[in-house]
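A.B. asks: Questions regarding the structure given below will be posed in turn.
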Amino acid sequence: MLVQRMRPFTSTIFAEMSALALRTGAINLGQGFPDTDGPPSLLADAAANITGGINQYPPGIGVPALREAIAAHQARFYGRVIDPADVLVTTGATEAIASAVLALCEPGDEVVAFQPYYDSYAATVALAGAVLKAVPLRPPAFGFDPGELRAAFTSRTKVVLVNTPHNPTGAVFDAGQLAQIGALAAEFGAVVVTDEVYEHMAFDGRPHVPMATLPGMAERTLTISSAGKTFSVTGWKVGWIHGPSELVAAVKAAKQFLTYVSGAPFQPAIANALALPDAFYADLGSSLQRKRDLLADGLRAAGFTVFEPAGTYFVVTDAAPLGVTDGAEFCWRLPELVGVAAVPVSVFCADPDLGRTLVRFAFCKRDEVLDSAVDRLSGLKAEL
Ligand code: PMP
Ligand code: GLN
């Protein structure tokens with residue numbers, strides 16, 4: 001019964017691998033969610049809001065305190081002046097992405113995105129009846145080829161979907177790369193939709209550069225982020241999108257008929273959390289950087305080629321040195337082999353050959369969980 005355009009998207013790799021991990025008792029380094037909760041003050045605020053009666057529909061565009069806090073966060077970290085009236089609160093970054101694409105693309109219009117991509121991108125483009133033009137990011141650095149990027153643009157390009165820091169590769173685009181993307185968007189009259197959910201997870205002193213801070217880009221950029229990542233509350237599903245008034249108004253038209261409103265008791269709590277001191281944000285990055293190193297060392301020792309991520313909480317490896325020729329088949333076997341679950345990168349690609357032997361592991365887990373995953377992986381060669 002399912003419409004043709006959604007048939008490739010009947011299940012998600014995250015659900016499948018999490019279910020497999022549960023069935024086999026494997027350590028789940030597949031789906032990216034932290035195994036500790038966010039800041040105690042945030043949790044307490046949300047609980048107090050629920051018992052305190054903040055449980056009915058909030059305003060469609062989001063509660064004023066949260067929209068103001070999102071604007072203040074942009075000023076504090078990136079020196080950007082945002083009018084809170086141009087901020088729209090969404091049900092996670094996922095809904096922000098979907099609303100933007102549905103609002104901006106007519107059937108047959110084209111969306112440029114980089115592959116591998118977060119899985120919802122392709123499904124959302126399909127829902128809109130639009131066409132995905134996927135530009136490869138290749139190891140080891142997962143940068144793009146400027147010629148391939150240009151070739152993806154046509155007169156039908158309406159949206160360029162950018163994600164930095166990038167899931168799954170961990171690439172962090174620098175200002176030069178963003179400027180190349182921005183220049184093409186301007187030349188072809190496209191809107192840039194930039195997914196910056198990992199904005200506070202860039203490592204080794206690298207800055208996160210928001211697309212909208214580049215000269216001339218604020219006027220054609222919609223910026224997306226999410227409390228799920230920054231505050232380790234992925235189950236709350238509160239995200240946001242902001243940009244020029246007329247673009248946000250278009251996105252709002254779609255959003256209001258997807259979910260209408262989002263998470264009333266969570267919104268004021270997240271508003272307070274956005275104002276947490278600098279130490280909170282610095283600890284988030286430094287603790288993840290340490291976890292990256294812990295898992296990356298273990299994966300190297302286990303025989304994988306490791307592409308060290310510059311950001312996010314994912315590390316992409318190549319399993320080819322272990323004799324693996326199909327990463328998807330390998331991920332289905334890995335929990336039985338050593339009791340660890342991961343996800344194949346090929347499922348994030350329009351062209352599966354691009355990531356055929358690549359495998360993604362998440363490191364947003366407690367140190368003892370990562371230690372035990374590393375210990376289990378050390379026996380992998382013997383099992384293969
Ligand atoms: N974009 C990217 C790149 C992600 O990794 C995620 C995480 N699941 C999302 C969007 C979705 O975020 P949310 O859970 O806030 O919908
Ligand atoms: N963003 C997370 C990941 O990439 C979780 C996504 C999901 O479960 N839909 O693993």
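Letters A, B, ... mark the chains of the structure tokens in the order given; residue numbers begin at 1 per chain; ligand numbers begin at 1, in order shown.
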Using only C-alpha atoms and all ligand atoms, which residues of the polymer chains come no farther than 6 Å from ligand 1? I'd like the answer as a ChimeraX atom specification.
C.D. replies: /A:92-94,118,167,195,197,226,228,234,237,239
A.B. asks: Compute the set of protein, DNA and RNA residues whose minimum atom distance to ligand 2 is at most 8 Å, using only C-alpha atoms and all ligand atoms, and state it as a PDB file with N, CA and C atoms, in the first residue's frame.
C.D. replies:
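Heads up, here's the output in out_14.pdb:
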```
ATOM      1  N   THR A  12      14.409   2.048   9.569  1.00  0.00           N
ATOM      2  CA  THR A  12      15.652   2.810   9.693  1.00  0.00           C
ATOM      3  C   THR A  12      16.724   1.897  10.278  1.00  0.00           C
ATOM      4  N   PHE A  14      18.850   2.590  12.372  1.00  0.00           N
ATOM      5  CA  PHE A  14      19.037   2.793  13.818  1.00  0.00           C
ATOM      6  C   PHE A  14      18.100   1.878  14.596  1.00  0.00           C
ATOM      7  N   ALA A  15      16.845   1.819  14.147  1.00  0.00           N
ATOM      8  CA  ALA A  15      15.876   0.949  14.815  1.00  0.00           C
ATOM      9  C   ALA A  15      16.310  -0.504  14.673  1.00  0.00           C
ATOM     10  N   GLY A  30      25.719   1.558  17.855  1.00  0.00           N
ATOM     11  CA  GLY A  30      25.082   1.817  16.561  1.00  0.00           C
ATOM     12  C   GLY A  30      24.341   3.134  16.590  1.00  0.00           C
ATOM     13  N   GLN A  31      23.143   3.101  17.176  1.00  0.00           N
ATOM     14  CA  GLN A  31      22.332   4.335  17.247  1.00  0.00           C
ATOM     15  C   GLN A  31      23.030   5.346  18.158  1.00  0.00           C
ATOM     16  N   GLY A  32      23.079   6.605  17.702  1.00  0.00           N
ATOM     17  CA  GLY A  32      23.790   7.630  18.464  1.00  0.00           C
ATOM     18  C   GLY A  32      22.920   8.274  19.516  1.00  0.00           C
ATOM     19  N   PHE A  33      22.969   7.747  20.737  1.00  0.00           N
ATOM     20  CA  PHE A  33      22.309   8.438  21.856  1.00  0.00           C
ATOM     21  C   PHE A  33      23.166   8.260  23.090  1.00  0.00           C
ATOM     22  N   TYR A 118      22.800  11.991   6.944  1.00  0.00           N
ATOM     23  CA  TYR A 118      21.890  11.545   7.989  1.00  0.00           C
ATOM     24  C   TYR A 118      20.642  10.985   7.314  1.00  0.00           C
ATOM     25  N   ASP A 119      20.165   9.841   7.786  1.00  0.00           N
ATOM     26  CA  ASP A 119      19.199   9.076   6.978  1.00  0.00           C
ATOM     27  C   ASP A 119      17.898   9.810   6.658  1.00  0.00           C
ATOM     28  N   SER A 120      17.490  10.739   7.523  1.00  0.00           N
ATOM     29  CA  SER A 120      16.207  11.409   7.257  1.00  0.00           C
ATOM     30  C   SER A 120      16.260  12.316   6.024  1.00  0.00           C
ATOM     31  N   ASN A 167      27.452  14.142  10.507  1.00  0.00           N
ATOM     32  CA  ASN A 167      27.099  12.758  10.814  1.00  0.00           C
ATOM     33  C   ASN A 167      26.902  12.034   9.488  1.00  0.00           C
ATOM     34  N   PRO A 168      27.555  10.926   9.190  1.00  0.00           N
ATOM     35  CA  PRO A 168      28.342  10.081  10.094  1.00  0.00           C
ATOM     36  C   PRO A 168      29.849  10.306  10.086  1.00  0.00           C
ATOM     37  N   ALA A 362      29.400   4.797  17.571  1.00  0.00           N
ATOM     38  CA  ALA A 362      29.102   5.989  18.389  1.00  0.00           C
ATOM     39  C   ALA A 362      29.909   5.907  19.689  1.00  0.00           C
TER      40      ALA A 362
END
```
A.B. asks: Calculate how many Å separate atom CA of A:Glu368 from atom CA of A:Tyr313, rounding to one decimal.
C.D. replies: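 That distance, rounded to one decimal, is 16.4 Å.
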A.B. asks: Considering only C-alpha atoms, return as a list in words whatever protein or nucleic-acid residues lie within 9 Å of A:Ala98, sequence-local ones (same chain, fewer than 4 positions apart) excluded.
C.D. replies: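 Using only C-alpha atoms, the neighbours found are Ala93, Thr94, Leu102, Ala103, Ser120, Tyr121, Thr124, Val125, Leu127, Ala128, Val251, Ala254 and Lys255 of chain A.
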A.B. asks: Write the residues you've just listed into a file as a short mmCIF file (atom, residue, chain, number, x, y, z; two decimals), in the first residue's frame, and include N, CA and C atoms for each of them.
C.D. replies:
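Saved the output as result.cif:
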```cif
data_model
loop_
_atom_site.label_atom_id
_atom_site.label_comp_id
_atom_site.auth_asym_id
_atom_site.auth_seq_id
_atom_site.Cartn_x
_atom_site.Cartn_y
_atom_site.Cartn_z
N ALA A 93 15.35 18.35 15.48
CA ALA A 93 15.92 18.86 14.24
C ALA A 93 15.28 18.15 13.05
N THR A 94 14.86 16.91 13.27
CA THR A 94 14.26 16.13 12.17
C THR A 94 13.06 16.86 11.58
N LEU A 102 9.89 20.45 2.83
CA LEU A 102 8.49 20.43 2.36
C LEU A 102 8.02 21.84 1.99
N ALA A 103 8.50 22.83 2.71
CA ALA A 103 8.06 24.20 2.47
C ALA A 103 8.70 24.79 1.22
N SER A 120 17.49 10.74 7.52
CA SER A 120 16.21 11.41 7.26
C SER A 120 16.26 12.32 6.02
N TYR A 121 17.45 12.71 5.60
CA TYR A 121 17.53 13.65 4.48
C TYR A 121 16.89 13.06 3.21
N THR A 124 13.11 12.52 3.57
CA THR A 124 12.38 13.78 3.55
C THR A 124 12.28 14.36 2.14
N VAL A 125 13.37 14.26 1.41
CA VAL A 125 13.36 14.74 0.02
C VAL A 125 12.35 13.92 -0.79
N LEU A 127 9.66 12.39 0.45
CA LEU A 127 8.32 12.80 0.90
C LEU A 127 7.85 14.03 0.14
N ALA A 128 8.77 14.95 -0.11
CA ALA A 128 8.44 16.19 -0.80
C ALA A 128 8.28 15.98 -2.30
N VAL A 251 8.58 27.90 6.43
CA VAL A 251 8.82 26.66 7.18
C VAL A 251 7.70 26.44 8.20
N ALA A 254 4.56 24.75 6.94
CA ALA A 254 4.62 23.28 6.87
C ALA A 254 4.63 22.68 8.27
N LYS A 255 5.44 23.23 9.16
CA LYS A 255 5.57 22.68 10.52
C LYS A 255 4.24 22.61 11.26
#
```
A.B. asks: Would you work out the distance separating atom CA of A:Ala171 from atom CA of A:Thr312, expressed in Å to one decimal?
C.D. replies: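 Distance reported for this atom pair: 8.2 Å.
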A.B. asks: By how many Å are atom CA of A:Ala302 and atom CA of A:Ser378 apart?
C.D. replies: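 Pair atom CA of A:Ala302 / atom CA of A:Ser378 returns 4.9 Å.
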A.B. asks: Looking only at the backbone, which of the residues in stretch 108-139 of chain A does DSSP tag as helix (DSSP H, G or I), as a PyMOL selection string?
C.D. replies: chain A and resi 120-127
A.B. asks: Please produce a file of those selected residues containing all heavy atoms, as a PDB file, in the first residue's frame.
C.D. replies:
```pdb
ATOM      1  N   SER A 120      17.490  10.739   7.523  1.00  0.00           N
ATOM      2  CA  SER A 120      16.207  11.409   7.257  1.00  0.00           C
ATOM      3  C   SER A 120      16.260  12.316   6.024  1.00  0.00           C
ATOM      4  O   SER A 120      15.216  12.639   5.450  1.00  0.00           O
ATOM      5  CB  SER A 120      15.738  12.211   8.483  1.00  0.00           C
ATOM      6  OG  SER A 120      16.307  13.504   8.517  1.00  0.00           O
ATOM      7  N   TYR A 121      17.453  12.713   5.603  1.00  0.00           N
ATOM      8  CA  TYR A 121      17.529  13.653   4.476  1.00  0.00           C
ATOM      9  C   TYR A 121      16.888  13.058   3.211  1.00  0.00           C
ATOM     10  O   TYR A 121      16.070  13.700   2.549  1.00  0.00           O
ATOM     11  CB  TYR A 121      18.981  14.035   4.148  1.00  0.00           C
ATOM     12  CG  TYR A 121      19.712  14.856   5.191  1.00  0.00           C
ATOM     13  CD1 TYR A 121      19.190  15.078   6.456  1.00  0.00           C
ATOM     14  CD2 TYR A 121      20.960  15.406   4.900  1.00  0.00           C
ATOM     15  CE1 TYR A 121      19.879  15.813   7.404  1.00  0.00           C
ATOM     16  CE2 TYR A 121      21.657  16.154   5.835  1.00  0.00           C
ATOM     17  CZ  TYR A 121      21.123  16.359   7.084  1.00  0.00           C
ATOM     18  OH  TYR A 121      21.810  17.083   8.007  1.00  0.00           O
ATOM     19  N   ALA A 122      17.305  11.832   2.876  1.00  0.00           N
ATOM     20  CA  ALA A 122      16.812  11.226   1.634  1.00  0.00           C
ATOM     21  C   ALA A 122      15.307  10.949   1.734  1.00  0.00           C
ATOM     22  O   ALA A 122      14.558  11.164   0.775  1.00  0.00           O
ATOM     23  CB  ALA A 122      17.570   9.942   1.335  1.00  0.00           C
ATOM     24  N   ALA A 123      14.869  10.487   2.902  1.00  0.00           N
ATOM     25  CA  ALA A 123      13.447  10.169   3.076  1.00  0.00           C
ATOM     26  C   ALA A 123      12.599  11.441   2.986  1.00  0.00           C
ATOM     27  O   ALA A 123      11.515  11.452   2.388  1.00  0.00           O
ATOM     28  CB  ALA A 123      13.242   9.477   4.421  1.00  0.00           C
ATOM     29  N   THR A 124      13.105  12.523   3.568  1.00  0.00           N
ATOM     30  CA  THR A 124      12.381  13.784   3.555  1.00  0.00           C
ATOM     31  C   THR A 124      12.279  14.357   2.143  1.00  0.00           C
ATOM     32  O   THR A 124      11.228  14.867   1.740  1.00  0.00           O
ATOM     33  CB  THR A 124      13.119  14.779   4.481  1.00  0.00           C
ATOM     34  OG1 THR A 124      12.918  14.332   5.815  1.00  0.00           O
ATOM     35  CG2 THR A 124      12.611  16.178   4.333  1.00  0.00           C
ATOM     36  N   VAL A 125      13.366  14.257   1.408  1.00  0.00           N
ATOM     37  CA  VAL A 125      13.362  14.736   0.022  1.00  0.00           C
ATOM     38  C   VAL A 125      12.349  13.916  -0.785  1.00  0.00           C
ATOM     39  O   VAL A 125      11.570  14.465  -1.579  1.00  0.00           O
ATOM     40  CB  VAL A 125      14.792  14.656  -0.581  1.00  0.00           C
ATOM     41  CG1 VAL A 125      14.776  14.885  -2.080  1.00  0.00           C
ATOM     42  CG2 VAL A 125      15.719  15.667   0.121  1.00  0.00           C
ATOM     43  N   ALA A 126      12.310  12.612  -0.515  1.00  0.00           N
ATOM     44  CA  ALA A 126      11.344  11.749  -1.207  1.00  0.00           C
ATOM     45  C   ALA A 126       9.906  12.124  -0.829  1.00  0.00           C
ATOM     46  O   ALA A 126       9.023  12.183  -1.689  1.00  0.00           O
ATOM     47  CB  ALA A 126      11.617  10.286  -0.871  1.00  0.00           C
ATOM     48  N   LEU A 127       9.659  12.392   0.451  1.00  0.00           N
ATOM     49  CA  LEU A 127       8.315  12.799   0.901  1.00  0.00           C
ATOM     50  C   LEU A 127       7.845  14.029   0.139  1.00  0.00           C
ATOM     51  O   LEU A 127       6.671  14.162  -0.201  1.00  0.00           O
ATOM     52  CB  LEU A 127       8.352  13.170   2.393  1.00  0.00           C
ATOM     53  CG  LEU A 127       8.031  12.114   3.432  1.00  0.00           C
ATOM     54  CD1 LEU A 127       8.140  12.720   4.821  1.00  0.00           C
ATOM     55  CD2 LEU A 127       6.644  11.534   3.213  1.00  0.00           C
TER      56      LEU A 127
END
```
A.B. asks: Using only C-alpha atoms for the distances, tell me which of A:Thr230, A:Thr90, A:Thr36, A:Gln115 is nearest to A:Asp351.
C.D. replies: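 With only C-alpha atoms as the atom set, the closest residue is A:Gln115.
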A.B. asks: With a distance cut-off of 10 Å and only C-alpha atoms, select the neighbouring residues of A:Arg156, excluding the residue or stretch itself and same-chain residues fewer than 5 positions from it, and output the selection as a list in words.
C.D. replies: Cys105, Glu106, Gly108, Asp109, Glu110, Val111, Ala130, Val131, Phe188, Gly189 and Ala190 of chain A
A.B. asks: List every residue of stretch 34-166 of chain A that DSSP, applied to the backbone, labels as strand (DSSP E), and write the result as a PyMOL selection string.
C.D. replies: chain A and resi 87-90+110-115+131-136+157-163
A.B. asks: Using only C-alpha atoms, which of the listed residues (A:Thr154, A:Thr169, A:Gln256, A:Asn163) sits closest to A:Phe307?
C.D. replies: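 For A:Phe307, the nearest of the given residues is A:Thr169.
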A.B. asks: Need to verify the contact set: stretch 333-336 of chain A, 12 Å, only C-alpha atoms, exclusion of same-chain residues closer than 3 positions in sequence. Can you return it as a PyMOL selection string?
C.D. replies: chain A and resi 17-30+319+324+326-330+339-344+359+361+373+376-377+379-381+383-384
